[in-house]
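Undergrad: Dropping in query_39.cif, which is mmCIF, C-alpha atoms:
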data_start
#
loop_
_atom_site.label_atom_id
_atom_site.label_comp_id
_atom_site.auth_asym_id
_atom_site.auth_seq_id
_atom_site.Cartn_x
_atom_site.Cartn_y
_atom_site.Cartn_z
CA MET Z 1 37.06 2.92 -23.67
CA ASN Z 2 35.12 0.87 -21.11
CA LYS Z 3 37.22 -1.48 -19.03
CA LYS Z 4 36.40 -5.15 -19.63
CA LYS Z 5 34.56 -6.79 -16.77
CA PRO Z 6 36.53 -9.43 -14.85
CA SER Z 7 35.66 -13.05 -15.68
CA VAL Z 8 35.36 -16.29 -13.71
CA LEU Z 9 38.74 -17.33 -15.14
CA GLU Z 10 40.38 -14.23 -13.68
CA VAL Z 11 38.79 -14.89 -10.27
CA ALA Z 12 40.15 -18.45 -10.41
CA LYS Z 13 43.63 -17.21 -11.32
CA GLU Z 14 43.64 -14.61 -8.54
CA ALA Z 15 42.44 -17.16 -5.96
CA GLY Z 16 44.73 -19.92 -7.21
CA VAL Z 17 41.85 -22.35 -7.74
CA SER Z 18 40.10 -23.93 -10.70
CA PRO Z 19 37.15 -22.25 -12.50
CA ALA Z 20 35.00 -25.19 -11.35
CA THR Z 21 35.76 -24.31 -7.72
CA VAL Z 22 34.75 -20.69 -8.35
CA SER Z 23 31.50 -21.91 -9.87
CA ARG Z 24 30.80 -24.16 -6.88
CA VAL Z 25 31.41 -21.27 -4.48
CA PHE Z 26 28.99 -18.98 -6.31
CA ASN Z 27 26.38 -21.71 -6.44
CA ASN Z 28 26.62 -22.23 -2.66
CA ASN Z 29 27.84 -25.80 -2.97
CA LEU Z 30 28.16 -27.08 0.61
CA LYS Z 31 31.07 -29.37 -0.31
CA VAL Z 32 33.42 -26.42 -0.89
CA ASN Z 33 36.13 -26.06 1.76
CA PRO Z 34 35.40 -22.92 3.90
CA GLU Z 35 38.98 -21.68 3.48
CA MET Z 36 38.70 -22.10 -0.28
CA LYS Z 37 35.41 -20.23 -0.28
CA GLU Z 38 36.97 -17.30 1.56
CA ARG Z 39 39.83 -17.16 -0.98
CA VAL Z 40 37.40 -17.09 -3.91
CA LEU Z 41 35.18 -14.39 -2.35
CA ALA Z 42 38.23 -12.29 -1.43
CA ALA Z 43 39.62 -12.63 -4.97
CA SER Z 44 36.33 -11.70 -6.60
CA LYS Z 45 36.06 -8.62 -4.39
CA LYS Z 46 39.66 -7.60 -5.07
CA ILE Z 47 39.33 -7.66 -8.87
CA GLY Z 48 35.73 -6.33 -8.89
CA TYR Z 49 34.02 -9.42 -10.24
CA LYS Z 50 30.23 -9.39 -10.14
CA ARG Z 51 28.04 -12.32 -11.11
CA ASN Z 52 25.60 -11.98 -13.97
CA PHE Z 53 22.60 -13.36 -12.13
CA TYR Z 54 20.26 -12.87 -15.07
CA ALA Z 55 22.47 -14.77 -17.53
CA LYS Z 56 22.72 -17.60 -15.02
CA ALA Z 57 18.93 -17.63 -14.64
CA LEU Z 58 18.39 -17.77 -18.39
CA ILE Z 59 20.74 -20.73 -18.69
CA GLU Z 60 18.91 -22.53 -15.90
CA GLY Z 61 15.52 -21.66 -17.41
CA LYS Z 62 14.23 -19.73 -14.39
CA THR Z 63 14.52 -16.26 -12.89
CA LYS Z 64 13.55 -14.56 -9.65
CA PHE Z 65 11.66 -11.83 -11.48
CA ILE Z 66 7.96 -11.06 -11.00
CA GLY Z 67 6.36 -8.58 -13.39
CA LEU Z 68 3.35 -6.31 -12.83
CA ILE Z 69 1.65 -4.73 -15.85
CA LEU Z 70 -0.49 -1.73 -14.86
CA THR Z 71 -2.92 0.09 -17.14
CA ARG Z 72 -1.12 3.39 -16.61
CA PHE Z 73 1.14 4.79 -13.92
CA GLU Z 74 -0.97 7.93 -13.44
CA ILE Z 75 -3.78 6.11 -11.60
CA ARG Z 76 -3.38 7.45 -8.10
CA HIS Z 77 -4.16 4.43 -5.94
CA TYR Z 78 -1.68 2.16 -7.75
CA THR Z 79 1.16 3.66 -5.70
CA GLY Z 80 0.12 1.98 -2.45
CA ILE Z 81 -0.74 -1.27 -4.21
CA VAL Z 82 2.67 -1.49 -5.90
CA SER Z 83 4.43 -0.70 -2.62
CA GLY Z 84 2.48 -3.38 -0.75
CA ALA Z 85 3.15 -6.01 -3.41
CA GLU Z 86 6.84 -5.13 -3.59
CA SER Z 87 7.35 -5.58 0.17
CA VAL Z 88 6.00 -9.16 0.06
CA ILE Z 89 7.84 -10.04 -3.15
CA ASP Z 90 11.14 -8.58 -1.90
CA ASP Z 91 10.85 -10.47 1.39
CA ALA Z 92 10.42 -13.69 -0.59
CA GLY Z 93 13.71 -13.06 -2.42
CA PHE Z 94 12.22 -12.10 -5.78
CA ILE Z 95 12.81 -8.97 -7.88
CA PHE Z 96 9.72 -6.89 -8.70
CA ILE Z 97 9.47 -5.13 -12.07
CA VAL Z 98 6.57 -2.80 -12.95
CA THR Z 99 5.51 -1.52 -16.38
CA SER Z 100 2.28 -0.32 -18.03
CA SER Z 101 0.13 -1.14 -21.05
CA LYS Z 102 -1.29 2.38 -21.51
CA TYR Z 103 -4.70 0.74 -22.10
CA SER Z 104 -3.37 -0.98 -25.23
CA LYS Z 105 -4.42 -4.54 -25.99
CA ASN Z 106 -1.30 -5.08 -28.08
CA ARG Z 107 0.98 -3.78 -25.32
CA GLU Z 108 -0.71 -6.09 -22.82
CA SER Z 109 -0.12 -9.11 -25.04
CA ASP Z 110 3.42 -8.06 -26.01
CA LYS Z 111 4.51 -7.49 -22.41
CA ILE Z 112 3.11 -10.79 -21.17
CA THR Z 113 4.97 -12.48 -24.03
CA LEU Z 114 8.18 -10.56 -23.25
CA PHE Z 115 8.09 -11.46 -19.56
CA SER Z 116 7.40 -15.10 -20.40
CA ASP Z 117 10.21 -15.20 -22.99
CA LEU Z 118 12.55 -13.82 -20.34
CA ASN Z 119 11.51 -16.66 -18.02
CA PHE Z 120 9.85 -14.46 -15.42
CA ALA Z 121 8.77 -16.51 -12.42
CA GLY Z 122 5.32 -14.91 -12.42
CA ILE Z 123 3.23 -12.13 -13.97
CA VAL Z 124 0.39 -9.95 -12.63
CA ILE Z 125 -1.63 -7.87 -15.07
CA ILE Z 126 -4.45 -5.36 -14.85
CA SER Z 127 -5.98 -6.14 -18.24
CA VAL Z 128 -8.56 -3.98 -20.00
CA GLY Z 129 -7.83 -4.83 -23.63
CA LEU Z 130 -7.61 -8.59 -23.89
CA SER Z 131 -10.80 -10.64 -24.02
CA ASP Z 132 -11.50 -13.41 -21.50
CA GLU Z 133 -10.79 -16.00 -24.18
CA GLU Z 134 -7.49 -14.35 -25.14
CA ILE Z 135 -6.34 -14.23 -21.51
CA VAL Z 136 -7.13 -17.91 -20.96
CA ASP Z 137 -5.29 -18.79 -24.19
CA ILE Z 138 -2.24 -16.67 -23.31
CA SER Z 139 -2.12 -18.14 -19.81
CA LYS Z 140 -1.51 -21.59 -21.27
CA LYS Z 141 1.72 -20.37 -22.87
CA SER Z 142 2.94 -17.85 -20.31
CA SER Z 143 4.64 -17.82 -16.94
CA PRO Z 144 2.20 -18.18 -14.01
CA LEU Z 145 -0.30 -15.38 -14.64
CA ILE Z 146 -2.59 -13.55 -12.18
CA ILE Z 147 -5.30 -11.10 -13.27
CA PHE Z 148 -5.95 -8.15 -10.95
CA ASP Z 149 -9.13 -6.04 -10.80
CA ARG Z 150 -11.05 -8.25 -13.20
CA LYS Z 151 -12.98 -11.51 -13.20
CA VAL Z 152 -12.14 -13.66 -16.24
CA LYS Z 153 -14.58 -16.40 -17.18
CA GLY Z 154 -12.91 -19.80 -16.98
CA TYR Z 155 -9.96 -18.36 -15.04
CA GLU Z 156 -11.65 -17.19 -11.84
CA ASP Z 157 -9.25 -18.88 -9.42
CA LYS Z 158 -6.36 -16.88 -10.90
CA CYS Z 159 -8.20 -13.54 -10.57
CA ILE Z 160 -8.17 -10.96 -7.79
CA TYR Z 161 -11.47 -9.12 -7.85
CA PHE Z 162 -13.57 -6.94 -5.56
CA ASP Z 163 -17.32 -6.49 -5.06
CA TYR Z 164 -17.47 -3.17 -6.88
CA HIS Z 165 -21.18 -3.66 -7.51
CA GLY Z 166 -21.90 -4.09 -3.80
CA TYR Z 167 -19.76 -1.21 -2.58
CA GLN Z 168 -21.07 1.25 -5.18
CA LYS Z 169 -24.60 0.17 -4.24
CA SER Z 170 -23.80 0.78 -0.57
CA ILE Z 171 -22.63 4.35 -1.09
CA ILE Z 172 -25.69 5.13 -3.25
CA GLU Z 173 -27.86 3.79 -0.43
CA LEU Z 174 -26.01 6.06 2.00
CA LEU Z 175 -27.10 9.02 -0.14
CA ILE Z 176 -30.66 7.73 -0.36
CA ASN Z 177 -30.82 7.23 3.41
CA LYS Z 178 -29.75 10.87 3.82
CA GLY Z 179 -32.77 11.96 1.79
CA HIS Z 180 -31.32 12.16 -1.72
CA LYS Z 181 -33.51 10.82 -4.51
CA ASP Z 182 -32.11 12.65 -7.53
CA ILE Z 183 -28.62 11.21 -7.73
CA LEU Z 184 -26.40 11.77 -10.76
CA HIS Z 185 -23.87 9.01 -11.37
CA LEU Z 186 -20.56 9.90 -13.05
CA CYS Z 187 -19.11 6.75 -14.66
CA GLY Z 188 -15.86 5.72 -16.19
CA PRO Z 189 -15.95 3.81 -19.51
CA ILE Z 190 -18.71 1.22 -18.93
CA ARG Z 191 -17.14 -1.14 -21.47
CA LEU Z 192 -14.54 -1.87 -18.77
CA GLN Z 193 -15.64 -4.39 -16.17
CA VAL Z 194 -14.79 -2.35 -13.05
CA TYR Z 195 -16.79 0.67 -14.18
CA ARG Z 196 -19.63 -1.50 -15.48
CA GLU Z 197 -19.94 -3.25 -12.12
CA LYS Z 198 -20.09 0.11 -10.31
CA TYR Z 199 -22.70 1.36 -12.77
CA ASN Z 200 -24.78 -1.77 -12.13
CA GLY Z 201 -24.48 -1.12 -8.38
CA TYR Z 202 -25.95 2.36 -8.89
CA ILE Z 203 -28.79 1.01 -11.03
CA SER Z 204 -29.50 -1.73 -8.49
CA ALA Z 205 -29.70 0.72 -5.57
CA MET Z 206 -31.99 3.10 -7.46
CA ASN Z 207 -34.30 0.26 -8.54
CA ASP Z 208 -34.41 -1.28 -5.06
CA HIS Z 209 -35.56 2.05 -3.63
CA HIS Z 210 -38.17 2.60 -6.36
CA LEU Z 211 -36.19 5.45 -7.93
CA SER Z 212 -35.78 3.95 -11.40
CA GLU Z 213 -37.47 6.96 -13.03
CA ARG Z 214 -34.82 9.23 -11.53
CA ILE Z 215 -31.82 7.30 -12.87
CA HIS Z 216 -29.40 9.80 -14.41
CA TYR Z 217 -25.84 8.96 -15.35
CA ILE Z 218 -23.06 10.33 -17.54
CA GLU Z 219 -20.44 8.01 -19.01
CA CYS Z 220 -17.03 9.66 -19.23
CA GLU Z 221 -14.39 8.34 -21.63
CA GLY Z 222 -11.75 8.59 -18.93
CA ALA Z 223 -12.17 8.49 -15.15
CA THR Z 224 -9.98 11.57 -14.58
CA ASN Z 225 -10.17 14.97 -12.89
CA GLU Z 226 -10.67 16.58 -16.28
CA ALA Z 227 -13.47 14.17 -17.20
CA GLY Z 228 -15.33 14.88 -13.97
CA TYR Z 229 -14.93 18.63 -14.44
CA THR Z 230 -16.12 18.55 -18.06
CA ALA Z 231 -19.11 16.27 -17.37
CA MET Z 232 -20.27 18.35 -14.41
CA LYS Z 233 -19.90 21.62 -16.28
CA LYS Z 234 -22.13 20.33 -19.08
CA THR Z 235 -24.91 19.16 -16.80
CA LEU Z 236 -24.95 21.86 -14.08
CA LYS Z 237 -27.29 24.10 -16.06
CA GLU Z 238 -29.95 21.40 -15.96
CA ARG Z 239 -29.24 20.39 -12.35
CA PRO Z 240 -32.10 17.97 -11.68
CA PHE Z 241 -30.04 16.36 -8.91
CA THR Z 242 -29.05 16.96 -5.30
CA ALA Z 243 -26.15 14.54 -5.19
CA VAL Z 244 -23.41 13.21 -7.45
CA ALA Z 245 -21.97 9.73 -6.95
CA CYS Z 246 -18.63 9.38 -8.75
CA GLN Z 247 -16.96 6.10 -9.66
CA ASN Z 248 -13.59 7.30 -8.40
CA ASP Z 249 -12.13 10.19 -6.45
CA GLN Z 250 -10.58 11.80 -9.52
CA LEU Z 251 -14.01 12.26 -11.11
CA ALA Z 252 -15.25 13.67 -7.80
CA PHE Z 253 -12.40 16.19 -7.53
CA GLY Z 254 -13.10 17.45 -11.05
CA ALA Z 255 -16.84 17.63 -10.39
CA MET Z 256 -16.30 19.57 -7.14
CA SER Z 257 -14.17 22.09 -8.99
CA ALA Z 258 -16.89 22.66 -11.60
CA ILE Z 259 -19.57 22.99 -8.92
CA LYS Z 260 -17.60 25.66 -7.07
CA GLU Z 261 -16.73 27.48 -10.30
CA TYR Z 262 -20.47 27.59 -11.08
CA GLY Z 263 -21.07 29.42 -7.81
CA LEU Z 264 -22.58 26.50 -5.89
CA THR Z 265 -21.34 24.83 -2.73
CA VAL Z 266 -20.57 21.28 -1.66
CA PRO Z 267 -22.51 19.96 0.18
CA GLY Z 268 -24.81 22.98 0.64
CA ASP Z 269 -26.21 22.80 -2.88
CA ILE Z 270 -24.90 19.46 -4.14
CA SER Z 271 -23.56 16.49 -2.17
CA ILE Z 272 -20.81 14.38 -3.71
CA THR Z 273 -19.16 10.99 -3.13
CA GLY Z 274 -16.08 9.32 -4.59
CA PHE Z 275 -14.53 5.85 -4.64
CA ASN Z 276 -10.99 4.68 -3.71
CA ASP Z 277 -10.09 7.14 -0.92
CA VAL Z 278 -6.86 8.45 -2.40
CA PRO Z 279 -4.80 10.47 0.13
CA GLU Z 280 -6.08 13.81 -1.18
CA ALA Z 281 -9.70 12.82 -0.40
CA ALA Z 282 -9.27 13.67 3.29
CA PHE Z 283 -7.86 17.11 2.50
CA THR Z 284 -10.20 18.52 -0.14
CA SER Z 285 -12.59 21.29 0.88
CA PRO Z 286 -14.89 19.82 2.01
CA SER Z 287 -13.29 16.45 2.71
CA LEU Z 288 -14.68 13.73 0.47
CA THR Z 289 -17.01 10.92 1.50
CA THR Z 290 -15.75 7.90 -0.38
CA VAL Z 291 -15.13 4.14 -0.43
CA ASN Z 292 -11.84 3.11 1.11
CA PHE Z 293 -9.68 0.06 0.79
CA ASP Z 294 -6.26 -0.54 2.26
CA TYR Z 295 -3.90 -0.20 -0.71
CA SER Z 296 -0.99 -1.75 1.11
CA ALA Z 297 -3.11 -4.74 2.19
CA VAL Z 298 -4.30 -5.20 -1.41
CA GLY Z 299 -0.68 -5.08 -2.61
CA ASN Z 300 0.32 -7.63 0.04
CA PHE Z 301 -2.52 -9.86 -1.15
CA ILE Z 302 -1.33 -9.62 -4.77
CA GLY Z 303 2.23 -10.49 -3.73
CA LYS Z 304 1.11 -13.52 -1.70
CA LYS Z 305 -1.22 -14.69 -4.47
CA ILE Z 306 1.40 -14.66 -7.23
CA LEU Z 307 3.97 -16.31 -4.95
CA SER Z 308 1.49 -19.09 -4.19
CA GLU Z 309 1.03 -19.63 -7.94
CA ILE Z 310 4.79 -19.75 -8.53
CA LYS Z 311 5.32 -22.19 -5.66
CA LYS Z 312 2.15 -24.16 -6.49
CA GLU Z 313 0.91 -23.70 -2.94
CA ARG Z 314 -2.69 -23.57 -1.75
CA PHE Z 315 -3.84 -19.98 -1.19
CA THR Z 316 -6.69 -19.31 1.23
CA ASP Z 317 -6.35 -15.61 2.14
CA SER Z 318 -9.47 -13.47 1.76
CA VAL Z 319 -9.57 -10.41 -0.48
CA PRO Z 320 -9.24 -7.21 1.63
CA LYS Z 321 -12.59 -5.54 2.35
CA PHE Z 322 -13.73 -2.03 1.44
CA LYS Z 323 -15.37 0.39 3.85
CA ILE Z 324 -17.26 3.65 3.43
CA ILE Z 325 -15.51 6.68 4.89
CA GLU Z 326 -18.02 9.43 5.76
CA ARG Z 327 -16.57 12.91 5.68
CA LYS Z 328 -18.09 16.36 4.98
CA SER Z 329 -19.11 16.28 1.31
CA VAL Z 330 -22.61 14.84 1.89
CA LYS Z 331 -25.57 16.77 3.35
CA THR Z 332 -28.63 15.22 4.98
CA LEU Z 333 -31.79 16.68 3.39
#
Show the structure stored in the file as structure tokens.
TA:
Amino acid sequence: MNKKKPSVLEVAKEAGVSPATVSRVFNNNLKVNPEMKERVLAASKKIGYKRNFYAKALIEGKTKFIGLILTRFEIRHYTGIVSGAESVIDDAGFIFIVTSSKYSKNRESDKITLFSDLNFAGIVIISVGLSDEEIVDISKKSSPLIIFDRKVKGYEDKCIYFDYHGYQKSIIELLINKGHKDILHLCGPIRLQVYREKYNGYISAMNDHHLSERIHYIECEGATNEAGYTAMKKTLKERPFTAVACQNDQLAFGAMSAIKEYGLTVPGDISITGFNDVPEAAFTSPSLTTVNFDYSAVGNFIGKKILSEIKKERFTDSVPKFKIIERKSVKTL
């Protein structure tokens, strides 16, 4: 049988004070006599009393919890982002809780509702299921809500978003400047804003360089190693391209594997680029040319942004910038 947890009344009895005095001590009331405070703290330690901070927060109608709802934990670059956000949130005295929606609209909605019902101080979500209208509507009834990796119409000032169009365009132009004209683009699901913006960056670069007739892309259902491998395997027999621009590093890793399995080399036969610069990108063979952003800095930015919303403070920090990292997976023709 589990031993019953000590109560405030037992602390009061052990310290020889009233329950009200115990309460004042635990609520840091400055009017409490220092000697009395020491007696209460010593008594609580002696009998093993621990405060139920969450119950207290519910009673007061506020907590020190901040929730982050990812799409799925398996996405490689989330690790650094979560770590960066946690460091800022921890330093501010809040508790950081992370969960995932598994790309489910219902799970997104349910978890925002759950966090709000539990009086979370703030919520950050990477949303792919809810519509712009639904997000705006939910935000009116939820705890302070920040949207990461997406621009929501009518809610732009509460969104953290990057110029995916511009950076994807830049890496396509790097390939073009190295002599590549037949560039295959491996996309994630274009229905999702991030992948759609990258796709538009590819189209824009090809059009600007008068290569619209050579546009060639494959939309993968998932932006994974397996998806990149499968897509590349299907199209290698045709091979009307000298370079492959992938919308993330996972697609690139899978594509590189298929290219090598087919008996071709990177970049000797086919050049390849990624996006996100996950840690493995520097250690593939050959090392991967990709688009980098500082995950920890992005996480710090998220933490500062949600804290500014909670505290109703003006936030003027700039979104961290991307940069192209040139390695050995691209050949100049």
Undergrad: Per residue of segment 105-188 of chain Z within 8 Å of segment 301-305 of chain Z, record the nearest atom pair and its distance in Å to one decimal, counting all atoms listed in the file, with rows in chain order and ascending residue number, as JSON lines.
TA:
{"residue": "Z:Ile146", "atom": "CA", "partner": "Z:Lys305", "partner_atom": "CA", "distance": 7.9}
{"residue": "Z:Phe148", "atom": "CA", "partner": "Z:Ile302", "partner_atom": "CA", "distance": 7.9}
{"residue": "Z:Ile160", "atom": "CA", "partner": "Z:Ile302", "partner_atom": "CA", "distance": 7.6}
Undergrad: Of the candidates Z:Val32, Z:Ile147, Z:Ile270, Z:Leu130, which one gets nearest to His180 of chain Z if we count all atoms listed in the file?
TA: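 Counting all atoms listed in the file, the residue closest to His180 of chain Z is Z:Ile270.
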Undergrad: Have a look at atom CA of Ser139 of chain Z and atom CA of Gln193 of chain Z and let me know their distance in Å, one decimal.
TA: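 It comes out at 19.6 Å.
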Undergrad: Can you tell me which residues surround Ile190 of chain Z at a distance of at most 10 Å, considering only C-alpha atoms, apart from same-chain residues fewer than 6 positions away, and format the answer as a list in words?
TA: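 Skipping anything fewer than 6 positions along the chain leaves Arg196, Glu197, Lys198, Tyr199, Asn200, Glu219, Cys220 and Glu221 of chain Z.
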Undergrad: Would you output that residue set with C-alpha atoms, as a compact mmCIF listing (two decimals), in the frame of the given file?
TA:
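Output below, filename again.txt:
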# COMPACT_ATOMS: atom_id res chain seq x y z
CA ARG Z 196 -19.63 -1.50 -15.48
CA GLU Z 197 -19.94 -3.25 -12.12
CA LYS Z 198 -20.09 0.11 -10.31
CA TYR Z 199 -22.70 1.36 -12.77
CA ASN Z 200 -24.78 -1.77 -12.13
CA GLU Z 219 -20.44 8.01 -19.01
CA CYS Z 220 -17.03 9.66 -19.23
CA GLU Z 221 -14.39 8.34 -21.63
Undergrad: Evaluate the PyMOL selection byres ((chain Z and resi 278-287) around 7) and record the selected residues as a PyMOL selection string, following the chain and residue labels used in the document.
TA: chain Z and resi 76-77+249+266+276-277+288-289+327-329
Undergrad: Using all atoms listed in the file, pick whichever of Z:Val128, Z:Ile138, Z:Ile81, Z:Ala255 has the shortest atom-to-atom distance to Ser109 of chain Z.
TA: Z:Ile138
Undergrad: Just to confirm, what's the straight-line distance from atom CA of Lys64 of chain Z to atom CA of Ile112 of chain Z in Å (one decimal)?
TA: 16.0 Å
Undergrad: To one decimal place, how far is atom CA of His185 of chain Z from atom CA of Ser271 of chain Z in Å?
TA: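 A separation of 11.9 Å between them.
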Undergrad: Considering all atoms listed in the file, state which residue in the set Z:Leu9, Z:Cys246, Z:Ile171, Z:Ile306 is at the smallest distance from Ile66 of chain Z.
TA: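 Of Z:Leu9, Z:Cys246, Z:Ile171, Z:Ile306, the one nearest Ile66 of chain Z is Z:Ile306, counting all atoms listed in the file.
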Undergrad: Could you spell out the hits of the PyMOL selection byres ((chain Z and resi 12-18) around 6) on the shown file, as a VMD selection string?
TA: chain Z and resid 9 to 11 19 to 21 39 to 40 43
Undergrad: Can you take segment 219-234 of chain Z from the block and write N, CA and C atoms as a CSV table (one decimal), in the first residue's frame?
TA:
chain,number,residue,atom,x,y,z
Z,219,GLU,N,6.8,15.0,-56.8
Z,219,GLU,CA,6.2,15.3,-55.5
Z,219,GLU,C,6.1,14.0,-54.7
Z,220,CYS,N,6.8,13.9,-53.6
Z,220,CYS,CA,6.8,12.7,-52.7
Z,220,CYS,C,5.8,12.9,-51.6
Z,221,GLU,N,5.1,11.9,-51.2
Z,221,GLU,CA,4.1,12.0,-50.2
Z,221,GLU,C,4.7,12.3,-48.9
Z,222,GLY,N,5.9,11.8,-48.6
Z,222,GLY,CA,6.6,12.2,-47.4
Z,222,GLY,C,8.0,12.6,-47.7
Z,223,ALA,N,8.6,13.5,-47.0
Z,223,ALA,CA,9.9,14.0,-47.2
Z,223,ALA,C,10.9,13.3,-46.4
Z,224,THR,N,11.0,12.0,-46.7
Z,224,THR,CA,11.8,11.0,-45.9
Z,224,THR,C,13.0,10.4,-46.7
Z,225,ASN,N,13.9,9.7,-46.1
Z,225,ASN,CA,14.9,9.0,-46.8
Z,225,ASN,C,14.3,8.0,-47.8
Z,226,GLU,N,13.3,7.3,-47.3
Z,226,GLU,CA,12.7,6.3,-48.2
Z,226,GLU,C,12.0,6.9,-49.4
Z,227,ALA,N,11.4,8.1,-49.2
Z,227,ALA,CA,10.7,8.7,-50.3
Z,227,ALA,C,11.7,9.2,-51.3
Z,228,GLY,N,12.9,9.7,-50.9
Z,228,GLY,CA,13.9,10.1,-51.8
Z,228,GLY,C,14.5,9.0,-52.6
Z,229,TYR,N,14.7,7.9,-51.9
Z,229,TYR,CA,15.2,6.6,-52.5
Z,229,TYR,C,14.3,6.1,-53.6
Z,230,THR,N,13.0,6.0,-53.2
Z,230,THR,CA,12.0,5.5,-54.1
Z,230,THR,C,11.8,6.4,-55.4
Z,231,ALA,N,11.7,7.7,-55.1
Z,231,ALA,CA,11.5,8.6,-56.3
Z,231,ALA,C,12.7,8.6,-57.2
Z,232,MET,N,13.9,8.5,-56.7
Z,232,MET,CA,15.1,8.5,-57.5
Z,232,MET,C,15.2,7.2,-58.3
Z,233,LYS,N,14.9,6.1,-57.7
Z,233,LYS,CA,14.9,4.8,-58.3
Z,233,LYS,C,14.0,4.8,-59.5
Z,234,LYS,N,12.8,5.4,-59.4
Z,234,LYS,CA,11.9,5.3,-60.5
Z,234,LYS,C,12.3,6.2,-61.7
